[in-house]
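K.L.:
Sharing my_file-v3.tsv, TSV, N, CA and C atoms:
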```tsv
chain	number	residue	atom	x	y	z
A	10	LYS	N	13.86	-6.93	-42.52
A	10	LYS	CA	13.25	-5.61	-42.54
A	10	LYS	C	13.60	-4.87	-43.84
A	11	ASN	N	14.83	-5.04	-44.32
A	11	ASN	CA	15.27	-4.37	-45.55
A	11	ASN	C	15.02	-5.20	-46.80
A	12	GLY	N	14.47	-6.40	-46.66
A	12	GLY	CA	14.17	-7.24	-47.82
A	12	GLY	C	15.33	-8.04	-48.35
A	13	VAL	N	16.44	-8.06	-47.63
A	13	VAL	CA	17.59	-8.83	-48.07
A	13	VAL	C	17.33	-10.33	-47.91
A	14	MET	N	16.69	-10.70	-46.82
A	14	MET	CA	16.38	-12.10	-46.54
A	14	MET	C	14.88	-12.30	-46.60
A	15	SER	N	14.50	-13.45	-47.09
A	15	SER	CA	13.09	-13.82	-47.04
A	15	SER	C	13.01	-15.28	-46.61
A	16	GLY	N	11.83	-15.73	-46.32
A	16	GLY	CA	11.66	-17.08	-45.82
A	16	GLY	C	11.50	-18.10	-46.92
A	17	THR	N	11.31	-19.34	-46.49
A	17	THR	CA	11.10	-20.43	-47.43
A	17	THR	C	9.62	-20.57	-47.78
A	18	ALA	N	8.80	-19.85	-47.07
A	18	ALA	CA	7.36	-19.77	-47.34
A	18	ALA	C	6.88	-18.45	-46.75
A	19	SER	N	5.62	-18.12	-46.96
A	19	SER	CA	5.13	-16.82	-46.50
A	19	SER	C	5.23	-16.63	-44.99
A	20	SER	N	5.19	-17.71	-44.23
A	20	SER	CA	5.26	-17.57	-42.77
A	20	SER	C	6.37	-18.43	-42.14
A	21	THR	N	7.32	-18.90	-42.95
A	21	THR	CA	8.39	-19.77	-42.46
A	21	THR	C	9.74	-19.23	-42.89
A	22	PHE	N	10.66	-19.05	-41.95
A	22	PHE	CA	11.99	-18.55	-42.27
A	22	PHE	C	13.01	-19.67	-42.42
A	23	SER	N	12.92	-20.74	-41.64
A	23	SER	CA	13.82	-21.90	-41.69
A	23	SER	C	15.29	-21.54	-41.44
A	24	PRO	N	15.59	-20.88	-40.31
A	24	PRO	CA	16.96	-20.44	-40.06
A	24	PRO	C	17.97	-21.56	-39.85
A	25	ASP	N	17.52	-22.75	-39.49
A	25	ASP	CA	18.45	-23.85	-39.24
A	25	ASP	C	18.63	-24.77	-40.44
A	26	GLU	N	17.97	-24.48	-41.54
A	26	GLU	CA	18.08	-25.30	-42.74
A	26	GLU	C	19.35	-24.90	-43.52
A	27	PRO	N	19.92	-25.86	-44.27
A	27	PRO	CA	21.08	-25.52	-45.11
A	27	PRO	C	20.71	-24.48	-46.16
A	28	LEU	N	21.70	-23.77	-46.64
A	28	LEU	CA	21.52	-22.72	-47.63
A	28	LEU	C	21.91	-23.25	-49.01
A	29	SER	N	21.02	-23.10	-49.99
A	29	SER	CA	21.35	-23.53	-51.35
A	29	SER	C	22.19	-22.45	-52.02
A	30	ARG	N	22.85	-22.82	-53.11
A	30	ARG	CA	23.62	-21.84	-53.88
A	30	ARG	C	22.73	-20.71	-54.36
A	31	ALA	N	21.55	-21.06	-54.87
A	31	ALA	CA	20.62	-20.04	-55.37
A	31	ALA	C	20.22	-19.08	-54.25
A	32	GLN	N	19.90	-19.60	-53.08
A	32	GLN	CA	19.51	-18.74	-51.96
A	32	GLN	C	20.65	-17.80	-51.57
A	33	ALA	N	21.87	-18.33	-51.51
A	33	ALA	CA	23.02	-17.51	-51.13
A	33	ALA	C	23.24	-16.38	-52.13
A	34	LEU	N	23.11	-16.69	-53.41
A	34	LEU	CA	23.32	-15.66	-54.44
A	34	LEU	C	22.24	-14.58	-54.38
A	35	VAL	N	21.01	-14.98	-54.12
A	35	VAL	CA	19.92	-14.00	-53.99
A	35	VAL	C	20.20	-13.07	-52.82
A	36	ILE	N	20.62	-13.61	-51.70
A	36	ILE	CA	20.90	-12.79	-50.52
A	36	ILE	C	22.00	-11.78	-50.81
A	37	ILE	N	23.08	-12.23	-51.44
A	37	ILE	CA	24.21	-11.34	-51.70
A	37	ILE	C	23.84	-10.26	-52.72
A	38	VAL	N	23.16	-10.63	-53.78
A	38	VAL	CA	22.78	-9.63	-54.80
A	38	VAL	C	21.81	-8.62	-54.21
A	39	ARG	N	20.88	-9.09	-53.38
A	39	ARG	CA	19.97	-8.14	-52.71
A	39	ARG	C	20.73	-7.22	-51.77
A	40	MET	N	21.71	-7.79	-51.05
A	40	MET	CA	22.51	-7.00	-50.12
A	40	MET	C	23.26	-5.89	-50.87
A	41	LEU	N	23.74	-6.21	-52.06
A	41	LEU	CA	24.45	-5.22	-52.88
A	41	LEU	C	23.51	-4.21	-53.52
A	42	GLY	N	22.21	-4.53	-53.57
A	42	GLY	CA	21.24	-3.64	-54.20
A	42	GLY	C	21.28	-3.67	-55.71
A	43	LEU	N	21.73	-4.78	-56.28
A	43	LEU	CA	21.92	-4.87	-57.73
A	43	LEU	C	20.87	-5.72	-58.44
A	44	GLU	N	19.77	-6.03	-57.79
A	44	GLU	CA	18.75	-6.89	-58.41
A	44	GLU	C	18.28	-6.36	-59.75
A	45	SER	N	18.25	-5.05	-59.90
A	45	SER	CA	17.71	-4.46	-61.13
A	45	SER	C	18.68	-4.52	-62.30
A	46	MET	N	19.90	-5.01	-62.10
A	46	MET	CA	20.83	-5.16	-63.22
A	46	MET	C	20.33	-6.15	-64.25
A	47	ALA	N	19.54	-7.11	-63.82
A	47	ALA	CA	18.96	-8.08	-64.75
A	47	ALA	C	17.68	-7.46	-65.30
A	48	GLN	N	17.70	-7.10	-66.56
A	48	GLN	CA	16.57	-6.40	-67.17
A	48	GLN	C	15.34	-7.28	-67.32
A	49	ASP	N	15.54	-8.55	-67.57
A	49	ASP	CA	14.45	-9.49	-67.82
A	49	ASP	C	14.11	-10.20	-66.51
A	50	SER	N	12.85	-10.49	-66.27
A	50	SER	CA	12.46	-11.17	-65.04
A	50	SER	C	12.83	-12.65	-65.06
A	51	MET	N	12.99	-13.25	-66.24
A	51	MET	CA	13.41	-14.65	-66.35
A	51	MET	C	14.57	-14.75	-67.34
A	52	PRO	N	15.72	-14.16	-66.98
A	52	PRO	CA	16.85	-14.16	-67.90
A	52	PRO	C	17.45	-15.56	-68.07
A	53	ILE	N	18.23	-15.68	-69.10
A	53	ILE	CA	18.92	-16.94	-69.38
A	53	ILE	C	20.39	-16.75	-68.99
A	54	THR	N	20.87	-17.60	-68.10
A	54	THR	CA	22.28	-17.57	-67.72
A	54	THR	C	23.07	-18.43	-68.70
A	55	SER	N	24.37	-18.46	-68.56
A	55	SER	CA	25.20	-19.30	-69.43
A	55	SER	C	25.36	-20.72	-68.89
A	56	PHE	N	24.79	-20.99	-67.73
A	56	PHE	CA	24.94	-22.32	-67.13
A	56	PHE	C	24.10	-23.36	-67.86
A	57	ASN	N	24.66	-24.56	-68.05
A	57	ASN	CA	23.92	-25.64	-68.72
A	57	ASN	C	22.66	-26.03	-67.95
A	58	ASP	N	22.66	-25.83	-66.65
A	58	ASP	CA	21.49	-26.18	-65.83
A	58	ASP	C	20.65	-24.94	-65.51
A	59	ASN	N	20.61	-23.99	-66.43
A	59	ASN	CA	19.83	-22.78	-66.27
A	59	ASN	C	18.38	-23.08	-65.88
A	60	ASP	N	17.79	-24.10	-66.46
A	60	ASP	CA	16.39	-24.43	-66.18
A	60	ASP	C	16.18	-24.93	-64.75
A	61	ASP	N	17.26	-25.31	-64.07
A	61	ASP	CA	17.15	-25.77	-62.68
A	61	ASP	C	17.16	-24.60	-61.69
A	62	ILE	N	17.50	-23.41	-62.17
A	62	ILE	CA	17.53	-22.24	-61.30
A	62	ILE	C	16.09	-21.82	-61.02
A	63	PRO	N	15.69	-21.75	-59.75
A	63	PRO	CA	14.31	-21.36	-59.44
A	63	PRO	C	13.98	-19.99	-60.03
A	64	SER	N	12.75	-19.81	-60.44
A	64	SER	CA	12.34	-18.55	-61.08
A	64	SER	C	12.60	-17.35	-60.17
A	65	TRP	N	12.42	-17.51	-58.86
A	65	TRP	CA	12.62	-16.40	-57.92
A	65	TRP	C	14.09	-16.03	-57.77
A	66	ALA	N	15.00	-16.88	-58.26
A	66	ALA	CA	16.43	-16.64	-58.12
A	66	ALA	C	17.12	-16.30	-59.43
A	67	ARG	N	16.43	-16.48	-60.54
A	67	ARG	CA	17.07	-16.38	-61.85
A	67	ARG	C	17.74	-15.03	-62.09
A	68	SER	N	17.07	-13.93	-61.78
A	68	SER	CA	17.67	-12.60	-62.00
A	68	SER	C	18.92	-12.41	-61.16
A	69	SER	N	18.85	-12.80	-59.90
A	69	SER	CA	20.01	-12.64	-59.01
A	69	SER	C	21.17	-13.51	-59.45
A	70	VAL	N	20.89	-14.72	-59.91
A	70	VAL	CA	21.96	-15.60	-60.38
A	70	VAL	C	22.64	-14.99	-61.60
A	71	LEU	N	21.85	-14.42	-62.51
A	71	LEU	CA	22.43	-13.78	-63.68
A	71	LEU	C	23.33	-12.62	-63.27
A	72	VAL	N	22.87	-11.79	-62.34
A	72	VAL	CA	23.68	-10.68	-61.86
A	72	VAL	C	24.96	-11.20	-61.21
A	73	ALA	N	24.83	-12.22	-60.37
A	73	ALA	CA	26.01	-12.80	-59.70
A	73	ALA	C	27.00	-13.33	-60.73
A	74	GLU	N	26.48	-13.93	-61.79
A	74	GLU	CA	27.35	-14.42	-62.86
A	74	GLU	C	28.03	-13.24	-63.56
A	75	LYS	N	27.28	-12.20	-63.89
A	75	LYS	CA	27.83	-11.05	-64.61
A	75	LYS	C	28.91	-10.32	-63.83
A	76	ILE	N	28.76	-10.23	-62.52
A	76	ILE	CA	29.74	-9.48	-61.72
A	76	ILE	C	30.86	-10.38	-61.16
A	77	GLY	N	30.84	-11.65	-61.54
A	77	GLY	CA	31.94	-12.54	-61.19
A	77	GLY	C	31.88	-13.17	-59.82
A	78	LEU	N	30.70	-13.19	-59.20
A	78	LEU	CA	30.60	-13.82	-57.88
A	78	LEU	C	30.60	-15.33	-57.96
A	79	VAL	N	30.11	-15.86	-59.06
A	79	VAL	CA	29.95	-17.30	-59.18
A	79	VAL	C	30.42	-17.77	-60.55
A	80	ARG	N	30.98	-18.95	-60.56
A	80	ARG	CA	31.43	-19.56	-61.81
A	80	ARG	C	30.88	-20.99	-61.87
A	81	CYS	N	30.88	-21.52	-63.06
A	81	CYS	CA	30.34	-22.87	-63.25
A	81	CYS	C	31.37	-23.93	-62.85
A	82	ASN	N	30.89	-25.17	-62.75
A	82	ASN	CA	31.80	-26.29	-62.51
A	82	ASN	C	32.35	-26.77	-63.86
A	83	GLU	N	33.06	-27.88	-63.85
A	83	GLU	CA	33.69	-28.39	-65.08
A	83	GLU	C	32.68	-28.79	-66.16
A	84	ASN	N	31.42	-28.99	-65.80
A	84	ASN	CA	30.36	-29.31	-66.76
A	84	ASN	C	29.52	-28.09	-67.13
A	85	ASN	N	30.02	-26.91	-66.81
A	85	ASN	CA	29.31	-25.65	-67.04
A	85	ASN	C	27.95	-25.64	-66.34
A	86	GLU	N	27.93	-26.14	-65.11
A	86	GLU	CA	26.71	-26.18	-64.30
A	86	GLU	C	26.92	-25.39	-63.01
A	87	LEU	N	25.83	-24.84	-62.51
A	87	LEU	CA	25.84	-24.12	-61.24
A	87	LEU	C	25.39	-25.03	-60.10
A	88	LYS	N	24.50	-25.96	-60.39
A	88	LYS	CA	23.87	-26.81	-59.36
A	88	LYS	C	23.21	-25.90	-58.31
A	89	PRO	N	22.26	-25.05	-58.73
A	89	PRO	CA	21.70	-24.00	-57.88
A	89	PRO	C	20.94	-24.49	-56.66
A	90	ASN	N	20.44	-25.70	-56.68
A	90	ASN	CA	19.62	-26.19	-55.57
A	90	ASN	C	20.39	-27.06	-54.59
A	91	GLU	N	21.68	-27.23	-54.84
A	91	GLU	CA	22.51	-28.00	-53.91
A	91	GLU	C	22.98	-27.10	-52.78
A	92	VAL	N	23.30	-27.71	-51.66
A	92	VAL	CA	23.74	-26.98	-50.47
A	92	VAL	C	25.11	-26.35	-50.73
A	93	LEU	N	25.27	-25.14	-50.29
A	93	LEU	CA	26.52	-24.41	-50.40
A	93	LEU	C	27.51	-25.01	-49.40
A	94	THR	N	28.66	-25.46	-49.89
A	94	THR	CA	29.67	-26.02	-49.00
A	94	THR	C	30.49	-24.89	-48.35
A	95	LYS	N	31.26	-25.22	-47.35
A	95	LYS	CA	32.10	-24.22	-46.70
A	95	LYS	C	33.13	-23.67	-47.69
A	96	ALA	N	33.70	-24.54	-48.52
A	96	ALA	CA	34.67	-24.09	-49.52
A	96	ALA	C	34.02	-23.15	-50.53
A	97	GLU	N	32.81	-23.48	-50.97
A	97	GLU	CA	32.08	-22.62	-51.90
A	97	GLU	C	31.72	-21.29	-51.25
A	98	ALA	N	31.34	-21.33	-49.99
A	98	ALA	CA	31.01	-20.09	-49.27
A	98	ALA	C	32.24	-19.20	-49.16
A	99	ALA	N	33.40	-19.81	-48.87
A	99	ALA	CA	34.63	-19.03	-48.78
A	99	ALA	C	34.99	-18.41	-50.13
A	100	THR	N	34.83	-19.16	-51.20
A	100	THR	CA	35.10	-18.64	-52.54
A	100	THR	C	34.13	-17.52	-52.88
A	101	LEU	N	32.87	-17.71	-52.55
A	101	LEU	CA	31.85	-16.69	-52.81
A	101	LEU	C	32.16	-15.40	-52.05
A	102	ILE	N	32.54	-15.52	-50.79
A	102	ILE	CA	32.90	-14.34	-50.00
A	102	ILE	C	34.14	-13.66	-50.57
A	103	ASN	N	35.13	-14.44	-50.98
A	103	ASN	CA	36.33	-13.87	-51.60
A	103	ASN	C	35.98	-13.13	-52.88
A	104	ASN	N	35.15	-13.74	-53.72
A	104	ASN	CA	34.74	-13.08	-54.97
A	104	ASN	C	33.94	-11.81	-54.68
A	105	LEU	N	33.13	-11.84	-53.64
A	105	LEU	CA	32.38	-10.66	-53.24
A	105	LEU	C	33.32	-9.53	-52.82
A	106	LEU	N	34.32	-9.86	-52.04
A	106	LEU	CA	35.29	-8.84	-51.60
A	106	LEU	C	36.07	-8.26	-52.77
A	107	ILE	N	36.45	-9.11	-53.71
A	107	ILE	CA	37.14	-8.64	-54.91
A	107	ILE	C	36.24	-7.70	-55.69
A	108	TYR	N	34.98	-8.09	-55.87
A	108	TYR	CA	34.03	-7.24	-56.59
A	108	TYR	C	33.85	-5.90	-55.87
A	109	MET	N	33.68	-5.95	-54.57
A	109	MET	CA	33.46	-4.72	-53.81
A	109	MET	C	34.68	-3.80	-53.89
A	110	ARG	N	35.86	-4.37	-53.90
A	110	ARG	CA	37.08	-3.58	-53.95
A	110	ARG	C	37.33	-3.00	-55.35
A	111	ASN	N	37.02	-3.77	-56.40
A	111	ASN	CA	37.43	-3.38	-57.74
A	111	ASN	C	36.33	-2.79	-58.63
A	112	ASP	N	35.10	-3.28	-58.53
A	112	ASP	CA	34.11	-2.95	-59.55
A	112	ASP	C	32.79	-2.39	-59.04
A	113	MET	N	32.52	-2.44	-57.76
A	113	MET	CA	31.20	-2.10	-57.26
A	113	MET	C	30.80	-0.65	-57.54
A	114	VAL	N	31.67	0.29	-57.31
A	114	VAL	CA	31.32	1.70	-57.52
A	114	VAL	C	31.00	1.94	-58.99
A	115	LYS	N	31.81	1.39	-59.88
A	115	LYS	CA	31.59	1.55	-61.32
A	115	LYS	C	30.24	0.95	-61.73
A	116	ASP	N	29.97	-0.29	-61.33
A	116	ASP	CA	28.71	-0.94	-61.69
A	116	ASP	C	27.51	-0.19	-61.12
A	117	TYR	N	27.61	0.21	-59.87
A	117	TYR	CA	26.50	0.90	-59.24
A	117	TYR	C	26.21	2.22	-59.95
A	118	THR	N	27.25	2.97	-60.26
A	118	THR	CA	27.08	4.26	-60.94
A	118	THR	C	26.52	4.07	-62.34
A	119	GLU	N	27.14	3.20	-63.13
A	119	GLU	CA	26.74	3.03	-64.53
A	119	GLU	C	25.42	2.28	-64.69
A	120	LYS	N	25.25	1.19	-63.95
A	120	LYS	CA	24.11	0.32	-64.22
A	120	LYS	C	22.89	0.59	-63.36
A	121	ILE	N	23.07	1.26	-62.25
A	121	ILE	CA	21.94	1.54	-61.37
A	121	ILE	C	21.54	3.02	-61.48
A	122	ILE	N	22.49	3.90	-61.27
A	122	ILE	CA	22.18	5.34	-61.27
A	122	ILE	C	21.96	5.85	-62.71
A	123	LEU	N	22.91	5.55	-63.61
A	123	LEU	CA	22.83	6.06	-64.97
A	123	LEU	C	22.06	5.13	-65.92
A	124	ARG	N	21.81	3.90	-65.49
A	124	ARG	CA	21.07	2.89	-66.27
A	124	ARG	C	21.64	2.68	-67.67
A	125	LYS	N	22.94	2.49	-67.75
A	125	LYS	CA	23.60	2.22	-69.04
A	125	LYS	C	23.41	0.78	-69.44
```
Could I get this structure in the form of C-alpha cells?

P.N.:
Amino acid sequence: KNGVMSGTASSTFSPDEPLSRAQALVIIVRMLGLESMAQDSMPITSFNDNDDIPSWARSSVLVAEKIGLVRCNENNELKPNEVLTKAEAATLINNLLIYMRNDMVKDYTEKIILRK
C-alpha cells in the first residue's frame, strides 16, 4: 500500500520465492524513504558487477552503498541477483540498525529536506 514492496510482475507478488540482494536493498531503501538520494536514474556504483544490477534496483543499490548498508565481496562484487543468505540478511539488518542509530536523521535532513 505504501509502495515499499512490489511484485515480480504487474500481477504477481511471489511471496514464497527467495529474495535477491537487489530486491532486499530496494525494499530497505524504500522503507527508509531515501530513494531520491540517487540523483541519476541509472547511477554507477563502485561494484565491479555494476552492469549486473537490474535497472529498477540501481538507484537503491547506490543509496545502500552510500549509507553503508552493503559492502562488496573480496572481488569488489555485489552479486545483486543471487539469493540473500541468512548471514547476509543478519549483516544487512545490523548495518541498517547502525545507520538508523548514527546517521539517518542527518542524511534525511541534509539530503532529503534540504537537498544538499

K.L.:
What does the distance from atom C of Ala96 of chain A to atom N of Gln48 of chain A come to in Å, to one decimal?

P.N.:
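Computing it gives 27.9 Å between the two atoms.
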
K.L.:
Taking only C-alpha atoms into account, which of A:Thr94, A:Thr100, A:Ser69, A:Gln32 comes nearest Asp49 of chain A?

P.N.:
A:Ser69

K.L.:
Between atom C of Thr118 of chain A and atom N of Val79 of chain A, what distance in Å does the model show, to one decimal?

P.N.:
20.5 Å

K.L.:
Between atom CA of Glu91 of chain A and atom CA of Arg30 of chain A, what is the distance, to one decimal in Å?

P.N.:
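Separation of atom CA of Glu91 of chain A and atom CA of Arg30 of chain A: 6.3 Å.
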
K.L.:
Which residue out of A:Asn90, A:Asn84, A:Ser68, A:Asn111 has the minimum interatomic distance to Arg39 of chain A when only C-alpha atoms are used?

P.N.:
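Nearest to Arg39 of chain A: A:Ser68.
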
K.L.:
Would you please extract all strand (DSSP E or B) residues from chain A, as assigned by DSSP on the backbone, and give them as JSON, numbers by chain?

P.N.:
{"A": [18, 21, 29, 92]}

K.L.:
Could you check the closest approach to Ser50 of chain A for each of A:Leu93, A:Ile107, A:Ala66, A:Val38 and tell me which residue wins, using only N, CA and C atoms?

P.N.:
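With only N, CA and C atoms as the atom set, the closest residue is A:Ala66.
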
K.L.:
With DSSP run on the backbone, what are the helix (DSSP H, G or I) residues within chain A? I'd like them as a short mmCIF file (atom, residue, chain, number, x, y, z; two decimals) with N, CA and C atoms, in the coordinates of the input.

P.N.:
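And here is the file that came out, out-v3.cif:
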```cif
data_model
loop_
_atom_site.label_atom_id
_atom_site.label_comp_id
_atom_site.auth_asym_id
_atom_site.auth_seq_id
_atom_site.Cartn_x
_atom_site.Cartn_y
_atom_site.Cartn_z
N ARG A 30 22.85 -22.82 -53.11
CA ARG A 30 23.62 -21.84 -53.88
C ARG A 30 22.73 -20.71 -54.36
N ALA A 31 21.55 -21.06 -54.87
CA ALA A 31 20.62 -20.04 -55.37
C ALA A 31 20.22 -19.08 -54.25
N GLN A 32 19.90 -19.60 -53.08
CA GLN A 32 19.51 -18.74 -51.96
C GLN A 32 20.65 -17.80 -51.57
N ALA A 33 21.87 -18.33 -51.51
CA ALA A 33 23.02 -17.51 -51.13
C ALA A 33 23.24 -16.38 -52.13
N LEU A 34 23.11 -16.69 -53.41
CA LEU A 34 23.32 -15.66 -54.44
C LEU A 34 22.24 -14.58 -54.38
N VAL A 35 21.01 -14.98 -54.12
CA VAL A 35 19.92 -14.00 -53.99
C VAL A 35 20.20 -13.07 -52.82
N ILE A 36 20.62 -13.61 -51.70
CA ILE A 36 20.90 -12.79 -50.52
C ILE A 36 22.00 -11.78 -50.81
N ILE A 37 23.08 -12.23 -51.44
CA ILE A 37 24.21 -11.34 -51.70
C ILE A 37 23.84 -10.26 -52.72
N VAL A 38 23.16 -10.63 -53.78
CA VAL A 38 22.78 -9.63 -54.80
C VAL A 38 21.81 -8.62 -54.21
N ARG A 39 20.88 -9.09 -53.38
CA ARG A 39 19.97 -8.14 -52.71
C ARG A 39 20.73 -7.22 -51.77
N MET A 40 21.71 -7.79 -51.05
CA MET A 40 22.51 -7.00 -50.12
C MET A 40 23.26 -5.89 -50.87
N LEU A 41 23.74 -6.21 -52.06
CA LEU A 41 24.45 -5.22 -52.88
C LEU A 41 23.51 -4.21 -53.52
N GLU A 44 19.77 -6.03 -57.79
CA GLU A 44 18.75 -6.89 -58.41
C GLU A 44 18.28 -6.36 -59.75
N SER A 45 18.25 -5.05 -59.90
CA SER A 45 17.71 -4.46 -61.13
C SER A 45 18.68 -4.52 -62.30
N MET A 46 19.90 -5.01 -62.10
CA MET A 46 20.83 -5.16 -63.22
C MET A 46 20.33 -6.15 -64.25
N ASN A 59 20.61 -23.99 -66.43
CA ASN A 59 19.83 -22.78 -66.27
C ASN A 59 18.38 -23.08 -65.88
N ASP A 60 17.79 -24.10 -66.46
CA ASP A 60 16.39 -24.43 -66.18
C ASP A 60 16.18 -24.93 -64.75
N ASP A 61 17.26 -25.31 -64.07
CA ASP A 61 17.15 -25.77 -62.68
C ASP A 61 17.16 -24.60 -61.69
N ARG A 67 16.43 -16.48 -60.54
CA ARG A 67 17.07 -16.38 -61.85
C ARG A 67 17.74 -15.03 -62.09
N SER A 68 17.07 -13.93 -61.78
CA SER A 68 17.67 -12.60 -62.00
C SER A 68 18.92 -12.41 -61.16
N SER A 69 18.85 -12.80 -59.90
CA SER A 69 20.01 -12.64 -59.01
C SER A 69 21.17 -13.51 -59.45
N VAL A 70 20.89 -14.72 -59.91
CA VAL A 70 21.96 -15.60 -60.38
C VAL A 70 22.64 -14.99 -61.60
N LEU A 71 21.85 -14.42 -62.51
CA LEU A 71 22.43 -13.78 -63.68
C LEU A 71 23.33 -12.62 -63.27
N VAL A 72 22.87 -11.79 -62.34
CA VAL A 72 23.68 -10.68 -61.86
C VAL A 72 24.96 -11.20 -61.21
N ALA A 73 24.83 -12.22 -60.37
CA ALA A 73 26.01 -12.80 -59.70
C ALA A 73 27.00 -13.33 -60.73
N GLU A 74 26.48 -13.93 -61.79
CA GLU A 74 27.35 -14.42 -62.86
C GLU A 74 28.03 -13.24 -63.56
N LYS A 75 27.28 -12.20 -63.89
CA LYS A 75 27.83 -11.05 -64.61
C LYS A 75 28.91 -10.32 -63.83
N LYS A 95 31.26 -25.22 -47.35
CA LYS A 95 32.10 -24.22 -46.70
C LYS A 95 33.13 -23.67 -47.69
N ALA A 96 33.70 -24.54 -48.52
CA ALA A 96 34.67 -24.09 -49.52
C ALA A 96 34.02 -23.15 -50.53
N GLU A 97 32.81 -23.48 -50.97
CA GLU A 97 32.08 -22.62 -51.90
C GLU A 97 31.72 -21.29 -51.25
N ALA A 98 31.34 -21.33 -49.99
CA ALA A 98 31.01 -20.09 -49.27
C ALA A 98 32.24 -19.20 -49.16
N ALA A 99 33.40 -19.81 -48.87
CA ALA A 99 34.63 -19.03 -48.78
C ALA A 99 34.99 -18.41 -50.13
N THR A 100 34.83 -19.16 -51.20
CA THR A 100 35.10 -18.64 -52.54
C THR A 100 34.13 -17.52 -52.88
N LEU A 101 32.87 -17.71 -52.55
CA LEU A 101 31.85 -16.69 -52.81
C LEU A 101 32.16 -15.40 -52.05
N ILE A 102 32.54 -15.52 -50.79
CA ILE A 102 32.90 -14.34 -50.00
C ILE A 102 34.14 -13.66 -50.57
N ASN A 103 35.13 -14.44 -50.98
CA ASN A 103 36.33 -13.87 -51.60
C ASN A 103 35.98 -13.13 -52.88
N ASN A 104 35.15 -13.74 -53.72
CA ASN A 104 34.74 -13.08 -54.97
C ASN A 104 33.94 -11.81 -54.68
N LEU A 105 33.13 -11.84 -53.64
CA LEU A 105 32.38 -10.66 -53.24
C LEU A 105 33.32 -9.53 -52.82
N LEU A 106 34.32 -9.86 -52.04
CA LEU A 106 35.29 -8.84 -51.60
C LEU A 106 36.07 -8.26 -52.77
N ILE A 107 36.45 -9.11 -53.71
CA ILE A 107 37.14 -8.64 -54.91
C ILE A 107 36.24 -7.70 -55.69
N TYR A 108 34.98 -8.09 -55.87
CA TYR A 108 34.03 -7.24 -56.59
C TYR A 108 33.85 -5.90 -55.87
N MET A 109 33.68 -5.95 -54.57
CA MET A 109 33.46 -4.72 -53.81
C MET A 109 34.68 -3.80 -53.89
N ARG A 110 35.86 -4.37 -53.90
CA ARG A 110 37.08 -3.58 -53.95
C ARG A 110 37.33 -3.00 -55.35
N ASN A 111 37.02 -3.77 -56.40
CA ASN A 111 37.43 -3.38 -57.74
C ASN A 111 36.33 -2.79 -58.63
N MET A 113 32.52 -2.44 -57.76
CA MET A 113 31.20 -2.10 -57.26
C MET A 113 30.80 -0.65 -57.54
N VAL A 114 31.67 0.29 -57.31
CA VAL A 114 31.32 1.70 -57.52
C VAL A 114 31.00 1.94 -58.99
N LYS A 115 31.81 1.39 -59.88
CA LYS A 115 31.59 1.55 -61.32
C LYS A 115 30.24 0.95 -61.73
N ASP A 116 29.97 -0.29 -61.33
CA ASP A 116 28.71 -0.94 -61.69
C ASP A 116 27.51 -0.19 -61.12
N TYR A 117 27.61 0.21 -59.87
CA TYR A 117 26.50 0.90 -59.24
C TYR A 117 26.21 2.22 -59.95
N THR A 118 27.25 2.97 -60.26
CA THR A 118 27.08 4.26 -60.94
C THR A 118 26.52 4.07 -62.34
N GLU A 119 27.14 3.20 -63.13
CA GLU A 119 26.74 3.03 -64.53
C GLU A 119 25.42 2.28 -64.69
N LYS A 120 25.25 1.19 -63.95
CA LYS A 120 24.11 0.32 -64.22
C LYS A 120 22.89 0.59 -63.36
N ILE A 121 23.07 1.26 -62.25
CA ILE A 121 21.94 1.54 -61.37
C ILE A 121 21.54 3.02 -61.48
N ILE A 122 22.49 3.90 -61.27
CA ILE A 122 22.18 5.34 -61.27
C ILE A 122 21.96 5.85 -62.71
#
```

K.L.:
Closest to Phe56 of chain A among A:Ile36, A:Ala73, A:Cys81, A:Ala31, using all atoms listed in the file?

P.N.:
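Closest to Phe56 of chain A, using all atoms listed in the file: A:Cys81.
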
K.L.:
With all atoms listed in the file as the counted atoms, please give the residues lying no more than 6.5 Å from Arg67 of chain A, apart from itself and same-chain residues fewer than 3 positions off, as a list of chain:residue names.

P.N.:
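So the residues in contact are A:Ser50, A:Met51, A:Pro52, A:Ile62, A:Pro63, A:Ser64, A:Val70, A:Leu71, A:Val72.
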
K.L.:
Okay, now the selection with N, CA and C atoms, as a PDB file, in the coordinates of the input?

P.N.:
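Produced file out-v5.pdb, reproduced below:
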```pdb
ATOM      1  N   SER A  50      12.850 -10.490 -66.270  1.00  0.00           N
ATOM      2  CA  SER A  50      12.460 -11.170 -65.040  1.00  0.00           C
ATOM      3  C   SER A  50      12.830 -12.650 -65.060  1.00  0.00           C
ATOM      4  N   MET A  51      12.990 -13.250 -66.240  1.00  0.00           N
ATOM      5  CA  MET A  51      13.410 -14.650 -66.350  1.00  0.00           C
ATOM      6  C   MET A  51      14.570 -14.750 -67.340  1.00  0.00           C
ATOM      7  N   PRO A  52      15.720 -14.160 -66.980  1.00  0.00           N
ATOM      8  CA  PRO A  52      16.850 -14.160 -67.900  1.00  0.00           C
ATOM      9  C   PRO A  52      17.450 -15.560 -68.070  1.00  0.00           C
ATOM     10  N   ILE A  62      17.500 -23.410 -62.170  1.00  0.00           N
ATOM     11  CA  ILE A  62      17.530 -22.240 -61.300  1.00  0.00           C
ATOM     12  C   ILE A  62      16.090 -21.820 -61.020  1.00  0.00           C
ATOM     13  N   PRO A  63      15.690 -21.750 -59.750  1.00  0.00           N
ATOM     14  CA  PRO A  63      14.310 -21.360 -59.440  1.00  0.00           C
ATOM     15  C   PRO A  63      13.980 -19.990 -60.030  1.00  0.00           C
ATOM     16  N   SER A  64      12.750 -19.810 -60.440  1.00  0.00           N
ATOM     17  CA  SER A  64      12.340 -18.550 -61.080  1.00  0.00           C
ATOM     18  C   SER A  64      12.600 -17.350 -60.170  1.00  0.00           C
ATOM     19  N   VAL A  70      20.890 -14.720 -59.910  1.00  0.00           N
ATOM     20  CA  VAL A  70      21.960 -15.600 -60.380  1.00  0.00           C
ATOM     21  C   VAL A  70      22.640 -14.990 -61.600  1.00  0.00           C
ATOM     22  N   LEU A  71      21.850 -14.420 -62.510  1.00  0.00           N
ATOM     23  CA  LEU A  71      22.430 -13.780 -63.680  1.00  0.00           C
ATOM     24  C   LEU A  71      23.330 -12.620 -63.270  1.00  0.00           C
ATOM     25  N   VAL A  72      22.870 -11.790 -62.340  1.00  0.00           N
ATOM     26  CA  VAL A  72      23.680 -10.680 -61.860  1.00  0.00           C
ATOM     27  C   VAL A  72      24.960 -11.200 -61.210  1.00  0.00           C
TER      28      VAL A  72
END
```
